[in-house]
Amino acid sequence: MGASPLEQGEDTMWENRVWTHILYRIVTLFHVKNQGLGPKLELTHNPQWGEHCRKEALSHAALVDRHLSDGRPWMLGGDTPTFADITLCVAIAFSKFPVNATPLDERFEYLDGIWKRWKARPSFQTAMRMAAADWRNWHI
């Protein structure tokens with residue numbers, strides 16, 4: 001995404017940062033600390049490493065929060081989200097799983113703003129309704 005090569009490069013840079021330093025860390029926390037898929041599937045149980053990953057995710061989330069503190073609505077400052085914003089919102093959503101206990105939107109003011117804008121998007125609301133309907137149908 002991005003209109004120019006510079007914008008495309010910035011989007012790729014921020015998306016990689018968010019994936020590597022926030023989302024991947026929260027996913028690792030889920031798997032190694034909490035054995036999120038259960039002990040039969042999760043062969044690694046390392047609570048210390050999980051806590052280390054949580055701290056790294058929070059540290060980098062603080063960096064992204066500072067980046068957003070200039071009032072920009074999305075990571076690159078445009079009117080619409082980019083891949084970096086999508087990855088950031090996935091990280092925020094995953095951080096909210098109760099077992100992770102690291103809700104980024106509740107800890108960081110500007111991440112909360114992005115999350116609220118993301119949840120207000122009609123496409124997100126439609127996807128959530130469809131997911132809820134699928135979940136109900138699957139469990140009936």
# chains A, B, ... in the order shown; residues from 1 in each chain; ligands from 1
call {"tool": "residues_around", "arguments": {"residues": "Thr20 of chain A", "least_positions_apart": "6", "cutoff": "12 Å", "atoms": "only C-alpha atoms", "output": "PyMOL selection string"}}
result
chain A and resi 12-14+26-28+53+56-57+60-61+84+87-88+91
call {"tool": "atom_distance", "arguments": {"atom1": "atom CA of Ala62 of chain A", "atom2": "atom CA of Asp112 of chain A"}}
result
11.9 Å
call {"tool": "residues_around", "arguments": {"residues": "Glu15 of chain A", "least_positions_apart": "3", "cutoff": "12 Å", "atoms": "only C-alpha atoms", "output": "list in words"}}
result
Met1, Glu7, Gln8, Gly9, Glu10, Asp11, Thr12, Val18, Trp19, Thr20, His21, Ile22, Leu23, Tyr24, Val64, Met75, Leu76, Pro81, Thr82, Phe83, Ala84, Asp85, Ile86, Thr87, Leu88, Cys89, Val90 and Ala91 of chain A
call {"tool": "select_by_dssp", "arguments": {"residues": "segment 4-133 of chain A", "states": "helix (DSSP H, G or I)", "output": "MDAnalysis selection string"}}
result
chainID A and resid 5:33 47:68 83:95 104:107 109:120 122:133
call {"tool": "write_last_selection", "arguments": {"atoms": "C-alpha atoms", "output": "PDB file, in the first residue's frame"}}
result
ATOM      1  CA  PRO A   5       7.712   4.169  -3.251  1.00  0.00           C
ATOM      2  CA  LEU A   6       8.507   6.046  -0.015  1.00  0.00           C
ATOM      3  CA  GLU A   7       5.029   5.397   1.405  1.00  0.00           C
ATOM      4  CA  GLN A   8       5.226   1.750   0.358  1.00  0.00           C
ATOM      5  CA  GLY A   9       8.594   1.435   2.080  1.00  0.00           C
ATOM      6  CA  GLU A  10       7.336   3.105   5.249  1.00  0.00           C
ATOM      7  CA  ASP A  11       4.300   0.827   5.335  1.00  0.00           C
ATOM      8  CA  THR A  12       6.502  -2.238   4.928  1.00  0.00           C
ATOM      9  CA  MET A  13       8.896  -0.968   7.610  1.00  0.00           C
ATOM     10  CA  TRP A  14       6.125  -0.303  10.161  1.00  0.00           C
ATOM     11  CA  GLU A  15       4.289  -3.528   9.319  1.00  0.00           C
ATOM     12  CA  ASN A  16       7.495  -5.509   9.868  1.00  0.00           C
ATOM     13  CA  ARG A  17       8.174  -3.713  13.152  1.00  0.00           C
ATOM     14  CA  VAL A  18       4.663  -4.340  14.447  1.00  0.00           C
ATOM     15  CA  TRP A  19       4.704  -7.987  13.350  1.00  0.00           C
ATOM     16  CA  THR A  20       8.178  -8.795  14.661  1.00  0.00           C
ATOM     17  CA  HIS A  21       8.193  -6.816  17.885  1.00  0.00           C
ATOM     18  CA  ILE A  22       4.540  -6.788  18.985  1.00  0.00           C
ATOM     19  CA  LEU A  23       2.288  -9.373  17.329  1.00  0.00           C
ATOM     20  CA  TYR A  24       4.861 -12.174  17.177  1.00  0.00           C
ATOM     21  CA  ARG A  25       5.776 -11.571  20.823  1.00  0.00           C
ATOM     22  CA  ILE A  26       2.137 -11.754  21.926  1.00  0.00           C
ATOM     23  CA  VAL A  27       1.607 -14.921  19.881  1.00  0.00           C
ATOM     24  CA  THR A  28       4.705 -16.428  21.506  1.00  0.00           C
ATOM     25  CA  LEU A  29       3.386 -15.450  24.942  1.00  0.00           C
ATOM     26  CA  PHE A  30       0.130 -17.263  24.127  1.00  0.00           C
ATOM     27  CA  HIS A  31       1.913 -20.442  23.094  1.00  0.00           C
ATOM     28  CA  VAL A  32       4.882 -20.806  25.450  1.00  0.00           C
ATOM     29  CA  LYS A  33       3.544 -19.323  28.684  1.00  0.00           C
ATOM     30  CA  PRO A  47       6.599 -19.161  31.314  1.00  0.00           C
ATOM     31  CA  GLN A  48       9.770 -17.089  31.717  1.00  0.00           C
ATOM     32  CA  TRP A  49      10.181 -16.731  27.967  1.00  0.00           C
ATOM     33  CA  GLY A  50       6.503 -15.842  27.666  1.00  0.00           C
ATOM     34  CA  GLU A  51       6.893 -13.053  30.228  1.00  0.00           C
ATOM     35  CA  HIS A  52       9.998 -11.800  28.428  1.00  0.00           C
ATOM     36  CA  CYS A  53       7.994 -11.650  25.196  1.00  0.00           C
ATOM     37  CA  ARG A  54       5.184  -9.760  26.963  1.00  0.00           C
ATOM     38  CA  LYS A  55       7.694  -7.119  28.149  1.00  0.00           C
ATOM     39  CA  GLU A  56       9.150  -6.778  24.655  1.00  0.00           C
ATOM     40  CA  ALA A  57       5.683  -6.385  23.134  1.00  0.00           C
ATOM     41  CA  LEU A  58       4.795  -3.686  25.657  1.00  0.00           C
ATOM     42  CA  SER A  59       8.075  -1.861  25.065  1.00  0.00           C
ATOM     43  CA  HIS A  60       7.545  -1.746  21.310  1.00  0.00           C
ATOM     44  CA  ALA A  61       3.856  -0.912  21.685  1.00  0.00           C
ATOM     45  CA  ALA A  62       4.995   2.142  23.654  1.00  0.00           C
ATOM     46  CA  LEU A  63       7.230   3.124  20.712  1.00  0.00           C
ATOM     47  CA  VAL A  64       4.308   2.835  18.283  1.00  0.00           C
ATOM     48  CA  ASP A  65       2.092   4.770  20.701  1.00  0.00           C
ATOM     49  CA  ARG A  66       4.653   7.616  20.720  1.00  0.00           C
ATOM     50  CA  HIS A  67       4.715   7.526  16.913  1.00  0.00           C
ATOM     51  CA  LEU A  68       0.938   8.003  16.892  1.00  0.00           C
ATOM     52  CA  PHE A  83      -0.994  -3.063   6.097  1.00  0.00           C
ATOM     53  CA  ALA A  84       0.846  -1.714   9.137  1.00  0.00           C
ATOM     54  CA  ASP A  85      -2.469  -0.662  10.686  1.00  0.00           C
ATOM     55  CA  ILE A  86      -4.051  -4.019   9.886  1.00  0.00           C
ATOM     56  CA  THR A  87      -1.191  -5.868  11.582  1.00  0.00           C
ATOM     57  CA  LEU A  88      -1.337  -3.497  14.553  1.00  0.00           C
ATOM     58  CA  CYS A  89      -5.065  -4.110  14.974  1.00  0.00           C
ATOM     59  CA  VAL A  90      -4.525  -7.877  14.821  1.00  0.00           C
ATOM     60  CA  ALA A  91      -1.915  -7.455  17.578  1.00  0.00           C
ATOM     61  CA  ILE A  92      -4.350  -5.412  19.669  1.00  0.00           C
ATOM     62  CA  ALA A  93      -7.113  -7.992  19.149  1.00  0.00           C
ATOM     63  CA  PHE A  94      -4.803 -10.874  20.110  1.00  0.00           C
ATOM     64  CA  SER A  95      -3.528  -8.959  23.146  1.00  0.00           C
ATOM     65  CA  LEU A 104      -2.739  -2.942  24.417  1.00  0.00           C
ATOM     66  CA  ASP A 105      -5.707  -0.647  23.832  1.00  0.00           C
ATOM     67  CA  GLU A 106      -6.221  -0.300  27.585  1.00  0.00           C
ATOM     68  CA  ARG A 107      -2.558   0.523  28.219  1.00  0.00           C
ATOM     69  CA  GLU A 109      -3.875   6.057  24.595  1.00  0.00           C
ATOM     70  CA  TYR A 110      -3.064   6.293  20.891  1.00  0.00           C
ATOM     71  CA  LEU A 111      -3.286   2.555  20.268  1.00  0.00           C
ATOM     72  CA  ASP A 112      -6.736   2.813  21.831  1.00  0.00           C
ATOM     73  CA  GLY A 113      -7.592   5.502  19.268  1.00  0.00           C
ATOM     74  CA  ILE A 114      -6.519   3.270  16.383  1.00  0.00           C
ATOM     75  CA  TRP A 115      -8.489   0.353  17.849  1.00  0.00           C
ATOM     76  CA  LYS A 116     -11.631   2.503  18.183  1.00  0.00           C
ATOM     77  CA  ARG A 117     -11.301   3.736  14.582  1.00  0.00           C
ATOM     78  CA  TRP A 118     -10.751   0.151  13.418  1.00  0.00           C
ATOM     79  CA  LYS A 119     -13.837  -1.143  15.267  1.00  0.00           C
ATOM     80  CA  ALA A 120     -15.931   1.670  13.751  1.00  0.00           C
ATOM     81  CA  PRO A 122     -18.161  -1.034   8.492  1.00  0.00           C
ATOM     82  CA  SER A 123     -15.992  -3.846   7.101  1.00  0.00           C
ATOM     83  CA  PHE A 124     -14.809  -4.754  10.614  1.00  0.00           C
ATOM     84  CA  GLN A 125     -18.353  -4.691  11.984  1.00  0.00           C
ATOM     85  CA  THR A 126     -19.571  -6.930   9.159  1.00  0.00           C
ATOM     86  CA  ALA A 127     -16.711  -9.365   9.695  1.00  0.00           C
ATOM     87  CA  MET A 128     -17.439  -9.552  13.424  1.00  0.00           C
ATOM     88  CA  ARG A 129     -21.146 -10.215  12.800  1.00  0.00           C
ATOM     89  CA  MET A 130     -20.273 -12.965  10.319  1.00  0.00           C
ATOM     90  CA  ALA A 131     -17.783 -14.517  12.729  1.00  0.00           C
ATOM     91  CA  ALA A 132     -20.333 -14.458  15.555  1.00  0.00           C
ATOM     92  CA  ALA A 133     -22.945 -16.105  13.315  1.00  0.00           C
TER      93      ALA A 133
END
call {"tool": "atom_distance", "arguments": {"atom1": "atom CA of Ala3 of chain A", "atom2": "atom CA of Trp74 of chain A"}}
result
15.1 Å
call {"tool": "atom_distance", "arguments": {"atom1": "atom CA of Asp70 of chain A", "atom2": "atom CA of Thr102 of chain A"}}
result
24.1 Å
